[in-house]
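Asker: Below is the file coords.tsv, which contains TSV, C-alpha atoms and all ligand atoms.
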chain	number	residue	atom	x	y	z
X	9	MET	CA	14.37	-17.47	-15.88
X	10	LYS	CA	12.42	-15.51	-13.34
X	11	LYS	CA	8.65	-15.48	-13.73
X	12	TYR	CA	7.77	-12.61	-11.42
X	13	GLU	CA	8.99	-9.06	-10.96
X	14	TRP	CA	7.44	-8.35	-7.55
X	15	LEU	CA	7.21	-10.62	-4.50
X	16	LEU	CA	4.63	-9.49	-1.93
X	17	PHE	CA	5.44	-11.06	1.41
X	18	ASP	CA	3.19	-11.49	4.41
X	19	LEU	CA	5.10	-10.89	7.66
X	20	ASP	CA	3.64	-12.72	10.69
X	21	ASN	CA	4.24	-16.49	10.57
X	22	THR	CA	5.76	-16.17	7.09
X	23	LEU	CA	9.03	-14.30	7.71
X	24	THR	CA	8.73	-14.03	11.51
X	25	ASP	CA	7.73	-16.60	14.09
X	26	PHE	CA	4.64	-14.81	15.34
X	27	ASP	CA	3.15	-17.80	17.19
X	28	THR	CA	6.18	-18.22	19.45
X	29	ALA	CA	6.47	-14.46	20.05
X	30	SER	CA	2.78	-14.17	20.88
X	31	HIS	CA	2.92	-17.12	23.29
X	32	GLN	CA	5.91	-15.61	25.12
X	33	ALA	CA	4.34	-12.14	25.13
X	34	PHE	CA	1.28	-13.60	26.81
X	35	ILE	CA	3.42	-15.40	29.41
X	36	ASP	CA	5.12	-12.04	30.10
X	37	LEU	CA	1.74	-10.33	30.37
X	38	CYS	CA	0.58	-12.87	32.98
X	39	GLU	CA	3.77	-12.85	35.01
X	40	LEU	CA	4.94	-9.25	34.74
X	41	ARG	CA	1.68	-7.31	34.49
X	42	LEU	CA	-1.23	-9.41	35.80
X	43	SER	CA	0.49	-11.39	38.58
X	44	ARG	CA	-1.37	-14.45	37.35
X	45	VAL	CA	0.14	-17.87	36.88
X	46	PHE	CA	0.37	-18.54	33.15
X	47	SER	CA	-1.59	-21.47	31.78
X	48	GLU	CA	-2.28	-22.70	28.27
X	49	GLU	CA	-5.98	-22.44	29.14
X	50	LEU	CA	-5.64	-18.72	29.80
X	51	TYR	CA	-3.72	-18.30	26.54
X	52	LEU	CA	-6.40	-20.20	24.62
X	53	SER	CA	-8.99	-17.90	26.15
X	54	TYR	CA	-7.05	-14.82	24.98
X	55	LYS	CA	-6.58	-16.34	21.51
X	56	LYS	CA	-10.31	-16.99	21.22
X	57	TYR	CA	-11.14	-13.29	21.76
X	58	ASN	CA	-8.17	-12.12	19.71
X	59	THR	CA	-9.10	-14.28	16.73
X	60	ALA	CA	-12.73	-13.13	16.89
X	61	ALA	CA	-11.59	-9.50	17.01
X	62	TRP	CA	-9.29	-9.90	13.98
X	63	GLU	CA	-12.03	-11.70	12.03
X	64	ALA	CA	-14.44	-8.87	12.78
X	65	PHE	CA	-11.79	-6.37	11.66
X	66	GLU	CA	-11.00	-8.27	8.45
X	67	ASN	CA	-14.76	-8.39	7.71
X	68	ASN	CA	-14.85	-4.58	8.10
X	69	GLU	CA	-17.18	-4.86	11.11
X	70	ILE	CA	-14.87	-3.00	13.55
X	71	ASP	CA	-11.88	-0.66	13.32
X	72	THR	CA	-8.49	-1.29	14.91
X	73	ASP	CA	-9.15	1.05	17.85
X	74	THR	CA	-12.04	-1.23	18.72
X	75	LEU	CA	-9.89	-4.30	18.09
X	76	ARG	CA	-7.23	-3.08	20.55
X	77	TYR	CA	-9.96	-2.72	23.17
X	78	ILE	CA	-12.32	-5.65	22.70
X	79	ARG	CA	-9.77	-8.45	22.53
X	80	PHE	CA	-8.72	-7.73	26.11
X	81	GLN	CA	-12.23	-6.78	27.19
X	82	GLY	CA	-13.49	-10.24	26.19
X	83	PHE	CA	-10.50	-11.96	27.79
X	84	CYS	CA	-10.71	-10.02	31.06
X	85	GLN	CA	-14.45	-10.41	31.46
X	86	ALA	CA	-14.22	-14.16	30.86
X	87	ASN	CA	-11.43	-14.55	33.42
X	88	ASN	CA	-12.52	-12.12	36.16
X	89	ILE	CA	-9.64	-9.74	35.56
X	90	GLU	CA	-10.22	-6.06	36.31
X	91	GLU	CA	-7.71	-4.03	34.34
X	92	ASP	CA	-7.55	-1.26	31.76
X	93	TYR	CA	-7.99	-3.09	28.45
X	94	LEU	CA	-5.94	-0.66	26.39
X	95	GLU	CA	-3.07	-0.76	28.88
X	96	LEU	CA	-3.00	-4.54	28.67
X	97	ASN	CA	-3.05	-4.30	24.88
X	98	ALA	CA	-0.09	-1.90	24.89
X	99	PHE	CA	1.88	-4.12	27.30
X	100	TYR	CA	1.21	-7.22	25.18
X	101	LEU	CA	2.30	-5.43	21.98
X	102	ASP	CA	5.48	-4.23	23.63
X	103	ARG	CA	6.35	-7.77	24.71
X	104	LEU	CA	5.34	-9.11	21.29
X	105	ASN	CA	7.93	-6.85	19.73
X	106	HIS	CA	10.51	-7.74	22.36
X	107	ASN	CA	10.05	-11.48	21.67
X	108	ALA	CA	9.91	-11.32	17.87
X	109	THR	CA	12.22	-13.71	16.00
X	110	LEU	CA	12.80	-14.63	12.38
X	111	LYS	CA	11.85	-17.94	10.87
X	112	LYS	CA	14.78	-20.14	9.97
X	113	ASN	CA	16.27	-19.20	6.57
X	114	THR	CA	14.39	-15.91	6.26
X	115	ILE	CA	17.59	-13.91	5.76
X	116	ASP	CA	19.00	-16.44	3.25
X	117	LEU	CA	15.80	-16.18	1.25
X	118	LEU	CA	15.69	-12.38	1.33
X	119	GLU	CA	19.39	-12.07	0.47
X	120	ALA	CA	18.78	-14.18	-2.63
X	121	VAL	CA	15.52	-12.71	-3.91
X	122	SER	CA	16.47	-9.12	-3.15
X	123	LYS	CA	19.11	-9.41	-5.90
X	124	THR	CA	16.61	-10.61	-8.51
X	125	HIS	CA	13.18	-9.27	-7.56
X	126	ARG	CA	11.45	-6.22	-6.10
X	127	LEU	CA	10.08	-6.90	-2.64
X	128	ALA	CA	7.16	-5.64	-0.62
X	129	ILE	CA	5.69	-6.43	2.80
X	130	ILE	CA	1.91	-6.70	2.94
X	131	THR	CA	0.84	-7.22	6.53
X	132	ASN	CA	-2.36	-7.18	8.54
X	133	GLY	CA	-1.24	-5.72	11.82
X	134	LEU	CA	-1.17	-2.77	14.16
X	135	LYS	CA	0.85	0.27	13.21
X	136	GLU	CA	2.64	0.54	16.57
X	137	ASN	CA	4.11	-2.90	16.05
X	138	GLN	CA	4.77	-3.96	12.45
X	139	ARG	CA	7.40	-1.40	11.37
X	140	ARG	CA	9.11	-1.59	14.75
X	141	CYS	CA	9.29	-5.37	14.39
X	142	LEU	CA	10.77	-5.10	10.86
X	143	ASP	CA	13.38	-2.63	12.14
X	144	ARG	CA	14.29	-4.70	15.18
X	145	LEU	CA	14.80	-7.83	13.08
X	146	GLY	CA	16.87	-6.04	10.43
X	147	LEU	CA	14.34	-6.60	7.63
X	148	THR	CA	13.30	-3.07	6.66
X	149	ALA	CA	16.06	-2.46	4.09
X	150	TYR	CA	15.04	-5.46	1.98
X	151	PHE	CA	11.65	-3.96	1.08
X	152	GLU	CA	10.83	-1.14	-1.31
X	153	ILE	CA	7.28	-0.98	-0.02
X	154	ILE	CA	5.76	-1.78	3.37
X	155	VAL	CA	1.97	-1.82	3.62
X	156	VAL	CA	0.44	-2.13	7.10
X	157	SER	CA	-3.33	-2.63	7.18
X	158	ASP	CA	-3.80	-0.44	10.24
X	159	GLU	CA	-2.08	2.50	8.54
X	160	ILE	CA	-4.32	2.45	5.46
X	161	GLY	CA	-7.65	1.30	6.90
X	162	TYR	CA	-7.97	-1.81	4.74
X	163	SER	CA	-6.75	-5.34	5.35
X	164	LYS	CA	-6.09	-8.45	3.30
X	165	PRO	CA	-8.10	-10.02	1.64
X	166	ASP	CA	-9.92	-6.76	0.79
X	167	ILE	CA	-9.36	-5.60	-2.80
X	168	SER	CA	-8.80	-2.04	-1.48
X	169	PHE	CA	-5.70	-3.27	0.38
X	170	PHE	CA	-4.23	-4.51	-2.91
X	171	ASP	CA	-5.35	-1.38	-4.80
X	172	TYR	CA	-3.29	0.66	-2.33
X	173	THR	CA	-0.32	-1.71	-2.65
X	174	PHE	CA	-0.38	-1.50	-6.46
X	175	GLU	CA	-0.55	2.31	-6.32
X	176	GLN	CA	2.65	2.23	-4.30
X	177	MET	CA	4.33	-0.21	-6.68
X	178	GLY	CA	3.67	1.82	-9.83
X	179	PRO	CA	2.82	0.31	-13.23
X	180	VAL	CA	3.18	-3.47	-13.31
X	181	ASP	CA	1.31	-6.33	-14.96
X	182	LYS	CA	-0.58	-8.45	-12.42
X	183	SER	CA	0.92	-11.59	-13.96
X	184	LYS	CA	4.34	-10.38	-12.77
X	185	VAL	CA	3.30	-10.20	-9.11
X	186	ILE	CA	3.00	-13.04	-6.61
X	187	VAL	CA	1.75	-13.09	-3.01
X	188	ILE	CA	3.57	-15.26	-0.43
X	189	GLY	CA	1.97	-15.99	2.92
X	190	ASP	CA	0.83	-18.52	5.50
X	191	SER	CA	-2.84	-17.55	5.71
X	192	LEU	CA	-5.33	-19.04	3.28
X	193	ARG	CA	-8.04	-16.63	4.44
X	194	SER	CA	-6.10	-13.36	4.13
X	195	ASP	CA	-3.05	-13.97	1.88
X	196	ILE	CA	-4.25	-16.58	-0.59
X	197	GLN	CA	-7.89	-15.41	-0.74
X	198	GLY	CA	-6.56	-11.86	-1.13
X	199	SER	CA	-4.42	-12.89	-4.10
X	200	ILE	CA	-7.38	-14.68	-5.70
X	201	ASN	CA	-9.65	-11.66	-5.18
X	202	TYR	CA	-7.11	-9.48	-6.98
X	203	GLY	CA	-6.19	-11.93	-9.76
X	204	LEU	CA	-2.66	-12.64	-8.54
X	205	ASP	CA	-0.66	-15.85	-8.26
X	206	SER	CA	0.24	-17.03	-4.78
X	207	ILE	CA	2.45	-19.29	-2.72
X	208	TRP	CA	0.91	-20.79	0.40
X	209	TYR	CA	3.72	-21.13	2.93
X	210	ASN	CA	2.47	-24.26	4.71
X	211	GLU	CA	5.28	-24.94	7.13
X	212	LYS	CA	3.39	-27.53	9.16
X	213	LYS	CA	2.23	-29.39	6.03
X	214	LEU	CA	-1.43	-29.00	6.98
X	215	ILE	CA	-4.20	-30.40	4.84
X	216	ASN	CA	-5.90	-27.45	3.15
X	217	PRO	CA	-9.31	-27.44	4.90
X	218	SER	CA	-10.81	-24.90	2.51
X	219	ASP	CA	-11.63	-24.48	-1.16
X	220	ILE	CA	-9.14	-21.59	-1.34
X	221	LYS	CA	-6.52	-22.81	-3.81
X	222	PRO	CA	-3.04	-21.27	-3.97
X	223	THR	CA	-1.01	-21.38	-7.20
X	224	PHE	CA	1.92	-23.02	-5.38
X	225	GLU	CA	2.54	-24.44	-1.95
X	226	CYS	CA	5.73	-25.03	0.04
X	227	SER	CA	6.75	-26.12	3.52
X	228	ASP	CA	10.38	-24.96	3.27
X	229	ILE	CA	10.67	-21.22	2.71
X	230	LEU	CA	13.78	-21.69	0.54
X	231	ASP	CA	11.65	-23.66	-1.96
X	232	ILE	CA	10.25	-20.26	-2.95
X	233	LEU	CA	13.51	-19.70	-4.86
X	234	THR	CA	12.49	-22.36	-7.39
X	235	MET	CA	8.98	-20.93	-7.85
X	236	VAL	CA	9.57	-17.26	-8.62
H	301	MG	MG	0.74	-14.45	8.39
Just give me the structure of the file as structure tokens.
Answerer:
Amino acid sequence: MKKYEWLLFDLDNTLTDFDTASHQAFIDLCELRLSRVFSEELYLSYKKYNTAAWEAFENNEIDTDTLRYIRFQGFCQANNIEEDYLELNAFYLDRLNHNATLKKNTIDLLEAVSKTHRLAIITNGLKENQRRCLDRLGLTAYFEIIVVSDEIGYSKPDISFFDYTFEQMGPVDKSKVIVIGDSLRSDIQGSINYGLDSIWYNEKKLINPSDIKPTFECSDILDILTMV
């Protein structure tokens, strides 16, 4: 018997392979836009500034307009690159969308649960990318509700993000809702903040380095079928 009515899915690195797409988008940025030879060192440098920008955003210290700007500002200044930061951001996002792919078994999972549960996407991301990515990968029709942090001004794990999501869902008991995602800091902490159960999608079977405890954990996305 099913335990939950609603499944709230994270998108990046849960249903889509964001890491691979981001890596390729950065290679494209180097080769097609910057005329620089790609190196993992350069990519690590970008990731350092990108991660810091997203953390600042998720802590409500900056808005997404600032995020779009400062992640490439930090990267360019550290690597002696003189370019328009917002243009680089737009180019990267375009290539990110172009290179987006699904995780293995995503469609099998969604085909199954869409017959038994109500589905939502809850994603921290930029508005010019997330819905386009869902469309391009053929995912949009599976979801009754799509919540993109950049469109509403709040991000996971903020309670306001979940307040907005629940307003969209209509009346439902919290015990009938479960959050599924790969990020302990945004997905699982967000579910805890709001009093919801959660599944930590831990594909790489990492040791949980935090005291953030999910209700369930799985490394194979199809295992979710036995949990919900
Ligand atoms: Mg994610």
Asker: Check the smallest atom-to-atom distance from each of X:Asn58, X:Asn216, X:Thr22, X:Ser206 to ligand MG 301 (chain H) using all atoms listed in the file, then report the winner.
Answerer: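 Counting all atoms listed in the file, the residue closest to ligand MG 301 (chain H) is X:Thr22.
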Asker: At a cut-off of 12 Å, using all atoms listed in the file, what residues contact X:Pro217? Leave out same-chain residues fewer than 2 positions from it and give the result as a PyMOL selection string.
Answerer: chain X and resi 191-193+213-215+219-221
Asker: Ranking X:Pro165, X:Tyr172, X:Glu136, X:Met235 by minimum distance to X:Ile196 and counting only C-alpha atoms, which one comes first?
Answerer: X:Pro165
Asker: Tell me, in Å to one decimal, how far atom CA of X:Ser43 is from atom CA of X:Ser30.
Answerer: 18.1 Å
Asker: Rank nothing, just name the residue among X:Phe151, X:Trp14, X:Phe170, X:Trp208 nearest to ligand MG 301 (chain H), using only C-alpha atoms and all ligand atoms.
Answerer: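 Closest to ligand MG 301 (chain H), using only C-alpha atoms and all ligand atoms: X:Trp208.
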Asker: What lies within 7 Å of stretch 106-111 of chain X using only C-alpha atoms, ignoring chain neighbours under 4 positions off, as a list in words?
Answerer: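 The residues satisfying every condition are Leu23, Thr24, Asp25, Phe26, Ala29, Gln32, Ala33, Asp102 and Cys141 of chain X.
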Asker: Name each residue within 6 Å of ligand MG 301 (chain H), counting only C-alpha atoms and all ligand atoms, as a VMD selection string.
Answerer: chain X and resid 18 to 22 189 to 191
Asker: Between X:Glu152, X:Glu13, X:Asp158, X:Asp36, which residue has the minimum interatomic distance to X:Asn105, considering only C-alpha atoms?
Answerer: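 For X:Asn105, the nearest of the candidates is X:Asp36.
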Asker: Just the number, please: distance in Å from atom CA of X:Phe80 to atom CA of X:Leu52, one decimal.
Answerer: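 So the two atoms, atom CA of X:Phe80 and atom CA of X:Leu52, lie 12.8 Å apart.
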Asker: Between stretch 108-173 of chain X and stretch 60-65 of chain X, at 12 Å or less, what are the per-residue closest atom pairs and their distances in Å? Count all atoms listed in the file, order by chain and rising residue number, and return it as a tab-separated table.
Answerer:
residue	atom	partner	partner_atom	distance
X:Asn132	CA	X:Trp62	CA	9.2
X:Gly133	CA	X:Trp62	CA	9.3
X:Leu134	CA	X:Trp62	CA	10.8
X:Ser157	CA	X:Phe65	CA	10.3
X:Asp158	CA	X:Phe65	CA	10.1
X:Gly161	CA	X:Phe65	CA	9.9
X:Tyr162	CA	X:Phe65	CA	9.1
X:Ser163	CA	X:Phe65	CA	8.1
X:Lys164	CA	X:Phe65	CA	10.3
X:Pro165	CA	X:Glu63	CA	11.2
X:Asp166	CA	X:Phe65	CA	11.0
Asker: If you keep C-alpha atoms, can you produce a file of those selected residues as a compact mmCIF listing (two decimals), in the frame of the given file?
Answerer:
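This went into out-v9.txt:
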# COMPACT_ATOMS: atom_id res chain seq x y z
CA ASN X 132 -2.36 -7.18 8.54
CA GLY X 133 -1.24 -5.72 11.82
CA LEU X 134 -1.17 -2.77 14.16
CA SER X 157 -3.33 -2.63 7.18
CA ASP X 158 -3.80 -0.44 10.24
CA GLY X 161 -7.65 1.30 6.90
CA TYR X 162 -7.97 -1.81 4.74
CA SER X 163 -6.75 -5.34 5.35
CA LYS X 164 -6.09 -8.45 3.30
CA PRO X 165 -8.10 -10.02 1.64
CA ASP X 166 -9.92 -6.76 0.79
Asker: Kindly indicate which residue among X:Thr131, X:Asn87, X:Thr223, X:Thr72 lies nearest to X:Tyr51, using all atoms listed in the file for the distances.
Answerer: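 Checking each candidate against X:Tyr51, we get X:Asn87 as the closest.
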Asker: Restricting the calculation to only C-alpha atoms, which member of X:Lys184, X:Arg76, X:Lys123, X:Arg144 is positioned closest to X:Leu101?
Answerer: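 Selected residue with least distance to X:Leu101: X:Arg76.
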Asker: Near X:Ile232, counting all atoms listed in the file, which residues have an atom at most 9 Å away, once you skip same-chain residues fewer than 6 positions from it, shown as a list of chain:residue names?
Answerer: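 The contact residues come out as X:Leu117, X:Ile188, X:Ile207, X:Tyr209, X:Glu225, X:Cys226.
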Asker: I'd like the interatomic distance between atom CA of X:Ser199 and atom CA of X:Tyr12, to a tenth of an Å.
Answerer: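 Atom CA of X:Ser199 sits 14.2 Å away from atom CA of X:Tyr12.
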